[in-house]
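S.K.: Below is query.tsv; it holds TSV, C-alpha atoms and all ligand atoms.
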```tsv
chain	number	residue	atom	x	y	z
A	331	MET	CA	0.00	0.00	0.00
A	332	ASN	CA	1.29	3.45	-0.88
A	333	PRO	CA	1.23	5.51	2.36
A	334	ALA	CA	1.12	8.76	0.33
A	335	ALA	CA	-2.02	7.77	-1.59
A	336	PRO	CA	-5.05	9.64	-0.19
A	337	SER	CA	-8.06	7.50	0.70
A	338	PRO	CA	-10.95	7.78	-1.72
A	339	ILE	CA	-13.85	10.04	-0.77
A	340	LEU	CA	-16.50	7.78	-2.32
A	341	ASP	CA	-16.04	4.04	-2.20
A	342	VAL	CA	-18.56	1.81	-4.00
A	343	THR	CA	-18.42	-1.95	-3.47
A	344	ASP	CA	-20.38	-4.54	-5.44
A	345	LEU	CA	-23.34	-2.32	-6.34
A	346	HIS	CA	-26.33	-4.00	-7.98
A	347	PHE	CA	-29.37	-2.17	-9.34
A	348	ALA	CA	-31.98	-2.51	-12.07
A	349	HIS	CA	-35.23	-0.62	-12.62
A	350	PRO	CA	-38.11	-3.12	-12.65
A	351	GLY	CA	-38.27	-4.95	-15.97
A	352	GLN	CA	-35.07	-3.33	-17.25
A	353	PRO	CA	-31.53	-4.57	-17.77
A	354	ALA	CA	-29.18	-4.04	-14.82
A	355	LEU	CA	-27.60	-0.61	-14.58
A	356	ALA	CA	-25.06	-1.96	-12.08
A	357	ALA	CA	-24.21	-5.65	-11.71
A	358	GLY	CA	-21.42	-5.79	-9.16
A	359	TRP	CA	-19.97	-2.34	-9.86
A	360	SER	CA	-17.15	-1.17	-7.60
A	361	ALA	CA	-15.29	2.12	-7.78
A	362	SER	CA	-13.16	4.54	-5.81
A	363	ILE	CA	-13.56	8.24	-6.38
A	364	GLY	CA	-11.14	10.76	-4.94
A	365	ALA	CA	-10.99	14.53	-4.60
A	366	GLY	CA	-11.62	16.84	-7.53
A	367	VAL	CA	-14.16	16.71	-10.34
A	368	THR	CA	-15.16	13.34	-11.82
A	369	LEU	CA	-17.25	13.21	-14.98
A	370	LEU	CA	-20.14	10.72	-15.11
A	371	TYR	CA	-20.58	10.36	-18.83
A	372	GLY	CA	-23.18	8.50	-20.87
A	373	ASP	CA	-25.80	8.89	-23.56
A	374	THR	CA	-29.30	10.13	-22.87
A	375	GLY	CA	-31.16	7.41	-20.98
A	376	SER	CA	-28.00	5.49	-20.11
A	377	GLY	CA	-28.62	5.81	-16.37
A	378	LYS	CA	-26.69	8.88	-15.14
A	379	SER	CA	-29.55	10.28	-13.04
A	380	THR	CA	-30.34	6.83	-11.66
A	381	LEU	CA	-26.72	6.31	-10.61
A	382	LEU	CA	-26.62	9.71	-8.88
A	383	ARG	CA	-29.86	8.88	-7.02
A	384	LEU	CA	-28.37	5.53	-5.98
A	385	ILE	CA	-25.22	7.19	-4.65
A	386	ALA	CA	-27.34	9.84	-2.92
A	387	GLY	CA	-29.18	7.05	-1.11
A	388	GLN	CA	-32.52	7.88	-2.72
A	389	LEU	CA	-33.02	4.47	-4.34
A	390	PRO	CA	-32.66	1.09	-2.64
A	391	ALA	CA	-29.60	-0.74	-3.92
A	392	ARG	CA	-27.69	-3.86	-3.04
A	393	GLY	CA	-24.04	-3.16	-2.31
A	394	ARG	CA	-21.94	-0.93	-0.10
A	395	LEU	CA	-21.41	2.81	-0.36
A	396	ARG	CA	-19.04	4.80	1.84
A	397	VAL	CA	-18.45	8.55	1.78
A	398	ALA	CA	-15.63	9.99	3.90
A	399	GLY	CA	-15.71	6.87	6.05
A	400	ALA	CA	-19.49	6.75	6.69
A	401	GLY	CA	-21.28	3.69	5.30
A	402	ASN	CA	-24.81	3.93	3.91
A	403	ASP	CA	-25.73	0.69	5.68
A	404	ARG	CA	-24.36	1.26	9.18
A	405	GLU	CA	-24.44	5.06	9.48
A	406	PRO	CA	-27.15	6.25	7.07
A	407	ASP	CA	-27.55	9.66	8.74
A	408	ALA	CA	-23.82	10.39	8.71
A	409	TYR	CA	-23.67	9.11	5.12
A	410	ARG	CA	-26.44	11.49	4.01
A	411	ARG	CA	-24.79	14.43	5.82
A	412	ASN	CA	-21.66	13.79	3.75
A	413	VAL	CA	-23.48	13.98	0.40
A	414	PHE	CA	-24.96	16.98	-1.43
A	415	PHE	CA	-27.58	16.09	-4.02
A	416	CYS	CA	-30.56	18.03	-5.31
A	417	ASP	CA	-32.65	16.24	-7.92
A	418	PRO	CA	-33.20	18.75	-10.76
A	419	GLU	CA	-36.65	17.22	-11.33
A	420	THR	CA	-37.86	17.86	-7.79
A	421	ASP	CA	-40.84	20.10	-7.08
A	422	ALA	CA	-40.24	19.84	-3.32
A	423	PHE	CA	-39.13	23.47	-3.09
A	424	ASP	CA	-41.76	25.07	-5.31
A	425	LYS	CA	-43.62	26.74	-2.45
A	426	VAL	CA	-40.61	28.12	-0.57
A	427	THR	CA	-38.35	31.04	-1.41
A	428	ALA	CA	-34.87	30.61	-2.87
A	429	ILE	CA	-33.43	31.56	0.52
A	430	GLU	CA	-35.57	28.93	2.28
A	431	CYS	CA	-34.64	26.33	-0.34
A	432	THR	CA	-30.98	27.09	0.33
A	433	ALA	CA	-31.56	26.77	4.08
A	434	SER	CA	-32.99	23.26	3.51
A	435	LEU	CA	-30.15	22.22	1.23
A	436	ARG	CA	-27.50	23.37	3.71
A	437	ALA	CA	-29.17	21.87	6.81
A	438	GLY	CA	-26.62	19.63	8.55
A	439	ASP	CA	-23.82	20.97	6.33
A	440	ALA	CA	-21.40	21.99	9.09
A	441	HIS	CA	-18.77	23.36	6.70
A	442	PHE	CA	-21.07	25.22	4.31
A	443	SER	CA	-19.31	28.40	3.12
A	444	GLU	CA	-21.55	31.44	3.60
A	445	ALA	CA	-18.99	33.68	1.88
A	446	GLY	CA	-18.63	31.24	-1.00
A	447	TRP	CA	-22.41	31.04	-1.38
A	448	ARG	CA	-22.63	34.86	-1.67
A	449	THR	CA	-20.00	34.76	-4.42
A	450	PHE	CA	-21.93	32.07	-6.30
A	451	VAL	CA	-25.21	33.96	-5.88
A	452	GLU	CA	-23.61	37.06	-7.42
A	453	GLY	CA	-21.90	35.07	-10.16
A	454	PHE	CA	-25.22	33.51	-11.15
A	455	SER	CA	-27.05	36.91	-10.89
A	456	LEU	CA	-29.44	35.40	-8.37
A	457	THR	CA	-29.68	38.28	-5.91
A	458	PRO	CA	-33.00	39.71	-7.26
A	459	HIS	CA	-34.60	36.24	-6.98
A	460	LEU	CA	-33.61	35.26	-3.44
A	461	ASN	CA	-36.92	36.20	-1.80
A	462	LYS	CA	-39.19	34.86	-4.56
A	463	PRO	CA	-40.96	31.53	-4.25
A	464	MET	CA	-39.21	28.92	-6.34
A	465	TYR	CA	-42.27	28.31	-8.54
A	466	MET	CA	-41.86	31.87	-9.86
A	467	LEU	CA	-38.31	31.23	-11.06
A	468	SER	CA	-37.35	30.01	-14.52
A	469	THR	CA	-35.96	26.48	-14.82
A	470	GLY	CA	-32.47	27.95	-15.18
A	471	SER	CA	-32.79	30.20	-12.12
A	472	LYS	CA	-34.10	27.30	-10.02
A	473	ARG	CA	-31.05	25.28	-11.03
A	474	LYS	CA	-28.81	28.20	-10.12
A	475	VAL	CA	-30.30	28.26	-6.60
A	476	TRP	CA	-29.32	24.65	-5.94
A	477	LEU	CA	-26.04	25.03	-7.82
A	478	ALA	CA	-25.00	27.95	-5.56
A	479	ALA	CA	-25.76	25.75	-2.52
A	480	ALA	CA	-23.94	22.79	-4.10
A	481	LEU	CA	-20.81	24.76	-4.93
A	482	ALA	CA	-20.71	26.32	-1.44
A	483	SER	CA	-21.30	22.97	0.23
A	484	GLY	CA	-18.83	21.62	2.75
A	485	ARG	CA	-20.02	18.04	2.31
A	486	ALA	CA	-17.37	15.56	1.19
A	487	LEU	CA	-19.29	14.46	-1.92
A	488	THR	CA	-21.33	16.69	-4.27
A	489	LEU	CA	-23.44	15.18	-7.04
A	490	LEU	CA	-24.45	17.44	-9.94
A	491	ASP	CA	-26.93	16.21	-12.56
A	492	GLU	CA	-26.46	18.01	-15.91
A	493	PRO	CA	-25.59	21.26	-14.11
A	494	ALA	CA	-25.32	23.35	-17.30
A	495	ALA	CA	-28.79	22.41	-18.57
A	496	ALA	CA	-31.13	25.41	-18.99
A	497	LEU	CA	-28.40	27.89	-17.97
A	498	ASP	CA	-27.60	31.08	-19.95
A	499	ALA	CA	-24.15	31.31	-21.54
A	500	ALA	CA	-22.71	33.65	-18.88
A	501	SER	CA	-23.85	31.33	-16.08
A	502	ILE	CA	-22.38	28.30	-17.85
A	503	ARG	CA	-19.02	30.10	-18.06
A	504	PHE	CA	-19.27	30.99	-14.37
A	505	LEU	CA	-20.19	27.38	-13.50
A	506	TRP	CA	-17.20	25.90	-15.34
A	507	GLY	CA	-14.85	28.52	-13.84
A	508	SER	CA	-16.14	27.75	-10.33
A	509	LEU	CA	-15.80	24.00	-10.85
A	510	ALA	CA	-12.28	24.48	-12.26
A	511	SER	CA	-11.32	26.24	-8.99
A	512	LEU	CA	-12.98	23.58	-6.83
A	513	ALA	CA	-11.24	20.86	-8.88
A	514	GLU	CA	-7.95	21.90	-7.28
A	515	GLY	CA	-9.20	21.14	-3.75
A	516	THR	CA	-8.16	18.02	-1.91
A	517	ASP	CA	-11.08	17.47	0.46
A	518	ARG	CA	-14.14	17.35	-1.82
A	519	ALA	CA	-15.22	15.00	-4.57
A	520	ILE	CA	-17.63	16.45	-7.12
A	521	VAL	CA	-19.33	14.12	-9.60
A	522	VAL	CA	-20.79	15.85	-12.66
A	523	ALA	CA	-23.25	13.85	-14.78
A	524	SER	CA	-23.27	14.96	-18.39
A	525	ALA	CA	-24.21	13.58	-21.79
A	526	THR	CA	-21.46	15.72	-23.33
A	527	ARG	CA	-17.75	15.83	-22.57
A	528	ILE	CA	-16.56	18.76	-20.46
A	529	ASP	CA	-13.34	20.40	-21.64
A	530	GLU	CA	-13.56	23.48	-19.43
A	531	VAL	CA	-12.84	21.73	-16.11
A	532	PRO	CA	-9.72	19.70	-15.24
A	533	LEU	CA	-11.02	16.24	-14.39
A	534	SER	CA	-9.70	13.85	-11.77
A	535	GLY	CA	-11.34	10.97	-13.58
A	536	SER	CA	-14.39	9.77	-15.41
A	537	ILE	CA	-17.05	7.09	-15.06
A	538	GLU	CA	-18.56	5.89	-18.32
A	539	LEU	CA	-21.93	4.23	-18.77
A	540	PRO	CA	-22.63	1.40	-19.28
A	541	LEU	CA	-20.76	0.46	-16.08
A	542	ARG	CA	-18.16	-2.29	-16.07
A	543	SER	CA	-18.08	-4.77	-13.23
A	544	ASP	CA	-14.37	-4.62	-12.38
A	545	ARG	CA	-13.14	-2.22	-9.70
A	546	THR	CA	-12.01	1.09	-11.09
A	547	ALA	CA	-10.24	3.97	-9.38
A	548	HIS	CA	-11.39	7.34	-10.65
A	549	ALA	CA	-8.89	9.74	-9.14
A	601	LIG	N1	-38.26	5.42	-11.75
A	601	LIG	C1	-37.98	4.72	-12.86
A	601	LIG	N2	-38.62	3.55	-13.09
A	601	LIG	C2	-38.36	2.81	-14.18
A	601	LIG	N3	-37.45	3.17	-15.11
A	601	LIG	C3	-36.79	4.32	-14.95
A	601	LIG	C4	-37.03	5.16	-13.80
A	601	LIG	N4	-36.21	6.25	-13.89
A	601	LIG	C5	-35.50	6.09	-15.03
A	601	LIG	N5	-35.85	4.94	-15.66
A	601	LIG	C6	-35.28	4.41	-16.90
A	601	LIG	O1	-33.93	4.11	-16.62
A	601	LIG	C7	-33.11	4.45	-17.73
A	601	LIG	C8	-32.05	5.42	-17.29
A	601	LIG	O2	-32.67	6.68	-17.00
A	601	LIG	P1	-31.86	7.89	-16.39
A	601	LIG	O3	-32.79	9.05	-16.27
A	601	LIG	O4	-31.15	7.43	-15.18
A	601	LIG	O5	-30.77	8.16	-17.54
A	601	LIG	P2	-29.93	9.46	-17.88
A	601	LIG	O6	-28.63	8.98	-18.43
A	601	LIG	O7	-29.88	10.34	-16.68
A	601	LIG	O8	-30.80	10.13	-19.00
A	601	LIG	P3	-30.92	11.67	-19.42
A	601	LIG	O9	-29.60	12.04	-20.02
A	601	LIG	O10	-32.04	11.64	-20.41
A	601	LIG	O11	-31.27	12.43	-18.16
A	601	LIG	C9	-34.04	4.99	-18.81
A	601	LIG	O12	-34.36	3.92	-19.66
A	601	LIG	C10	-35.24	5.45	-18.03
A	601	LIG	O13	-36.41	5.37	-18.80
```
Kindly present the structure from the file in structure tokens form.
M.R.:
Amino acid sequence: MNPAAPSPILDVTDLHFAHPGQPALAAGWSASIGAGVTLLYGDTGSGKSTLLRLIAGQLPARGRLRVAGAGNDREPDAYRRNVFFCDPETDAFDKVTAIECTASLRAGDAHFSEAGWRTFVEGFSLTPHLNKPMYMLSTGSKRKVWLAAALASGRALTLLDEPAAALDAASIRFLWGSLASLAEGTDRAIVVASATRIDEVPLSGSIELPLRSDRTAHA
């Protein structure tokens, strides 16, 4: 064992999952994901969102997941506290303001960066929208609300599902610039699901769908 090698932030062991009546998305998939930005890449419908939901603990799966030492089976609360995920399809926040949505997303996030969040809010031009209910915001602005919380998160693992979708060009540039800065950090793993390659952000590794069943290290 190399004593200098950092331990992975996300460790997946022997994951099995299939939607009812569909071929298996994971059939004994194992992987280690370290700090920085990892691309989860696959065609439309290949299973990117499903895999993120599995890792977020929102779908029942067979297998073992660990984030920053907390296992989903033995310490589910600690595991969830270590993971940031906001499903872009959710309507759970429609009736609350952007500020209240952010408060929910950062609940239990002991190392959330208030100063960082303010920078992301400005960068995404969100300030005029902060006190509006989420249902009044455009799809892009809603995404920017959870993206600002995701980027400012202090959780060990951040999962982003097609983060550039529905964003204006200036916000996409800001997003890639922010992720490029975060990619240099050593204490956070950020997994970005995308159906297109991302050239703007230095990647620590990539996961390609369909998944292979041998163990792969992704950073
Ligand atoms: N709740 C569900 N029940 C049954 N099948 C589902 C469910 N959610 C997704 N699927 C199916 O699983 C497959 C993978 O879908 P998923 O949304 O994970 O892919 P994706 O790569 O994220 O696609 P996209 O790029 O279009 O978002 C698709 O065939 C989809 O129809």
S.K.: Sorted by chain and rising residue number, which residues of region 511-547 of chain A lie within 6 Å of region 364-376 of chain A, and what are their closest atom pairs and distances in Å to one decimal, counting all atoms listed in the file, as a tab-separated table?
M.R.:
```
residue	atom	partner	partner_atom	distance
A:Ala513	CA	A:Gly366	CA	4.3
A:Thr516	CA	A:Ala365	CA	5.2
A:Asp517	CA	A:Ala365	CA	5.9
A:Arg518	CA	A:Ala365	CA	5.1
A:Ala519	CA	A:Ala365	CA	4.3
A:Ile520	CA	A:Val367	CA	4.7
A:Val521	CA	A:Thr368	CA	4.8
A:Val522	CA	A:Leu369	CA	5.0
A:Ala523	CA	A:Leu370	CA	4.4
A:Ser524	CA	A:Tyr371	CA	5.3
A:Ala525	CA	A:Asp373	CA	5.3
A:Leu533	CA	A:Val367	CA	5.1
A:Ser534	CA	A:Thr368	CA	5.5
A:Gly535	CA	A:Thr368	CA	4.8
A:Ser536	CA	A:Leu369	CA	4.5
A:Ile537	CA	A:Leu370	CA	4.8
A:Glu538	CA	A:Tyr371	CA	4.9
A:Leu539	CA	A:Gly372	CA	4.9
```
S.K.: Next, dump the selected residues to file, keeping only C-alpha atoms, as a compact mmCIF listing (two decimals), in the coordinates of the input.
M.R.:
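File produced: selection22.txt:
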```txt
# COMPACT_ATOMS: atom_id res chain seq x y z
CA ALA A 513 -11.24 20.86 -8.88
CA THR A 516 -8.16 18.02 -1.91
CA ASP A 517 -11.08 17.47 0.46
CA ARG A 518 -14.14 17.35 -1.82
CA ALA A 519 -15.22 15.00 -4.57
CA ILE A 520 -17.63 16.45 -7.12
CA VAL A 521 -19.33 14.12 -9.60
CA VAL A 522 -20.79 15.85 -12.66
CA ALA A 523 -23.25 13.85 -14.78
CA SER A 524 -23.27 14.96 -18.39
CA ALA A 525 -24.21 13.58 -21.79
CA LEU A 533 -11.02 16.24 -14.39
CA SER A 534 -9.70 13.85 -11.77
CA GLY A 535 -11.34 10.97 -13.58
CA SER A 536 -14.39 9.77 -15.41
CA ILE A 537 -17.05 7.09 -15.06
CA GLU A 538 -18.56 5.89 -18.32
CA LEU A 539 -21.93 4.23 -18.77
```
S.K.: At a cut-off of 12 Å, can you tabulate as JSON lines every residue of chain A near ligand LIG 601 (chain A) together with its closest atom pair and the distance in Å to one decimal, using all atoms listed in the file and ordering rows by chain then number?
M.R.:
```
{"residue": "A:Phe347", "atom": "CA", "partner": "A:LIG601", "partner_atom": "O1", "distance": 10.6}
{"residue": "A:Ala348", "atom": "CA", "partner": "A:LIG601", "partner_atom": "O1", "distance": 8.3}
{"residue": "A:His349", "atom": "CA", "partner": "A:LIG601", "partner_atom": "C2", "distance": 4.9}
{"residue": "A:Pro350", "atom": "CA", "partner": "A:LIG601", "partner_atom": "C2", "distance": 6.1}
{"residue": "A:Gly351", "atom": "CA", "partner": "A:LIG601", "partner_atom": "C2", "distance": 8.0}
{"residue": "A:Gln352", "atom": "CA", "partner": "A:LIG601", "partner_atom": "N3", "distance": 7.2}
{"residue": "A:Pro353", "atom": "CA", "partner": "A:LIG601", "partner_atom": "O1", "distance": 9.1}
{"residue": "A:Ala354", "atom": "CA", "partner": "A:LIG601", "partner_atom": "O1", "distance": 9.6}
{"residue": "A:Leu355", "atom": "CA", "partner": "A:LIG601", "partner_atom": "C8", "distance": 8.0}
{"residue": "A:Ala356", "atom": "CA", "partner": "A:LIG601", "partner_atom": "C8", "distance": 11.4}
{"residue": "A:Leu370", "atom": "CA", "partner": "A:LIG601", "partner_atom": "O6", "distance": 9.3}
{"residue": "A:Tyr371", "atom": "CA", "partner": "A:LIG601", "partner_atom": "O6", "distance": 8.2}
{"residue": "A:Gly372", "atom": "CA", "partner": "A:LIG601", "partner_atom": "O6", "distance": 6.0}
{"residue": "A:Asp373", "atom": "CA", "partner": "A:LIG601", "partner_atom": "O6", "distance": 5.9}
{"residue": "A:Thr374", "atom": "CA", "partner": "A:LIG601", "partner_atom": "O9", "distance": 3.4}
{"residue": "A:Gly375", "atom": "CA", "partner": "A:LIG601", "partner_atom": "O8", "distance": 3.4}
{"residue": "A:Ser376", "atom": "CA", "partner": "A:LIG601", "partner_atom": "O6", "distance": 3.9}
{"residue": "A:Gly377", "atom": "CA", "partner": "A:LIG601", "partner_atom": "O4", "distance": 3.2}
{"residue": "A:Lys378", "atom": "CA", "partner": "A:LIG601", "partner_atom": "O6", "distance": 3.8}
{"residue": "A:Ser379", "atom": "CA", "partner": "A:LIG601", "partner_atom": "O7", "distance": 3.7}
{"residue": "A:Thr380", "atom": "CA", "partner": "A:LIG601", "partner_atom": "O4", "distance": 3.7}
{"residue": "A:Leu381", "atom": "CA", "partner": "A:LIG601", "partner_atom": "O4", "distance": 6.5}
{"residue": "A:Leu382", "atom": "CA", "partner": "A:LIG601", "partner_atom": "O4", "distance": 8.1}
{"residue": "A:Arg383", "atom": "CA", "partner": "A:LIG601", "partner_atom": "O4", "distance": 8.4}
{"residue": "A:Leu384", "atom": "CA", "partner": "A:LIG601", "partner_atom": "O4", "distance": 9.8}
{"residue": "A:Gln388", "atom": "CA", "partner": "A:LIG601", "partner_atom": "N1", "distance": 11.0}
{"residue": "A:Leu389", "atom": "CA", "partner": "A:LIG601", "partner_atom": "N1", "distance": 9.1}
{"residue": "A:Pro390", "atom": "CA", "partner": "A:LIG601", "partner_atom": "N1", "distance": 11.5}
{"residue": "A:Asp417", "atom": "CA", "partner": "A:LIG601", "partner_atom": "O7", "distance": 10.9}
{"residue": "A:Pro418", "atom": "CA", "partner": "A:LIG601", "partner_atom": "O11", "distance": 9.9}
{"residue": "A:Glu419", "atom": "CA", "partner": "A:LIG601", "partner_atom": "O11", "distance": 9.9}
{"residue": "A:Leu490", "atom": "CA", "partner": "A:LIG601", "partner_atom": "O7", "distance": 11.2}
{"residue": "A:Asp491", "atom": "CA", "partner": "A:LIG601", "partner_atom": "O7", "distance": 7.8}
{"residue": "A:Glu492", "atom": "CA", "partner": "A:LIG601", "partner_atom": "O11", "distance": 7.7}
{"residue": "A:Pro493", "atom": "CA", "partner": "A:LIG601", "partner_atom": "O11", "distance": 11.3}
{"residue": "A:Ala495", "atom": "CA", "partner": "A:LIG601", "partner_atom": "O11", "distance": 10.3}
{"residue": "A:Val522", "atom": "CA", "partner": "A:LIG601", "partner_atom": "O7", "distance": 11.4}
{"residue": "A:Ala523", "atom": "CA", "partner": "A:LIG601", "partner_atom": "O7", "distance": 7.7}
{"residue": "A:Ser524", "atom": "CA", "partner": "A:LIG601", "partner_atom": "O9", "distance": 7.2}
{"residue": "A:Ala525", "atom": "CA", "partner": "A:LIG601", "partner_atom": "O9", "distance": 5.9}
{"residue": "A:Thr526", "atom": "CA", "partner": "A:LIG601", "partner_atom": "O9", "distance": 9.5}
{"residue": "A:Glu538", "atom": "CA", "partner": "A:LIG601", "partner_atom": "O6", "distance": 10.5}
{"residue": "A:Leu539", "atom": "CA", "partner": "A:LIG601", "partner_atom": "O6", "distance": 8.2}
{"residue": "A:Pro540", "atom": "CA", "partner": "A:LIG601", "partner_atom": "O6", "distance": 9.7}
{"residue": "A:Leu541", "atom": "CA", "partner": "A:LIG601", "partner_atom": "O6", "distance": 11.8}
```
S.K.: Just need the box for region 435-444 of chain A, edges along x, y and z, holding every atom the file lists for it with 4 Å tacked onto each side, so centre and edge lengths in Å to one decimal, as lines of an AutoDock Vina configuration file.
M.R.:
```
center_x = -24.5
center_y = 25.5
center_z = 5.2
size_x = 19.4
size_y = 19.8
size_z = 15.9
```
S.K.: Can you tell me how far CA of Cys431 (chain A) sits from CA of Val475 (chain A), in Å to one decimal?
M.R.: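 CA of Val475 (chain A) lies at a distance of 7.9 Å from CA of Cys431 (chain A).
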S.K.: Region 394-406 of chain A: which residues within 6 Å, counting only C-alpha atoms, same-chain residues fewer than 4 positions away excluded, as a list of chain:residue names?
M.R.: A:Ile339, A:Leu340, A:Asp341, A:Val342, A:Thr343
S.K.: Would you list the contacts of Val413 (chain A) as an MDAnalysis selection string, taking every protein, DNA or RNA residue within 7 Å and counting all atoms listed in the file, but skipping same-chain residues closer than 5 positions in sequence?
M.R.: chainID A and resid 386 485:488
S.K.: Find the residues near Ala478 (chain A): any atom within 10 Å, counting all atoms listed in the file, skip ones fewer than 5 places away on the same chain, and give them as a PyMOL selection string.
M.R.: chain A and resi 432+446-454+456+473+483+505
S.K.: Got a sec: who's within 12 Å of Lys425 (chain A), counting all atoms listed in the file, leaving out chain neighbours fewer than 3 positions off, as JSON, numbers by chain?
M.R.: {"A": [420, 421, 422, 428, 429, 430, 431, 461, 462, 463, 464, 465, 466, 467]}
S.K.: Rounded to one decimal, what separation in Å do you get between CA of Asp424 (chain A) and CA of His459 (chain A)?
M.R.: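 Between these atoms lies a distance of 13.4 Å.
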S.K.: When you look at Gly470 (chain A) with a cut-off of 8 Å (counting only C-alpha atoms), what residues show up, excluding the ones that are within fewer than 5 positions of it in the same chain? I need them as a list in words.
M.R.: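 Residues near the query, excluding close chain neighbours: Ala495, Ala496, Leu497 and Asp498 of chain A.
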S.K.: Between CA of Ser455 (chain A) and CA of Ala480 (chain A), what distance in Å does the model show, to one decimal?
M.R.: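 Atom-to-atom, CA of Ser455 (chain A) and CA of Ala480 (chain A) are spaced 16.0 Å apart.
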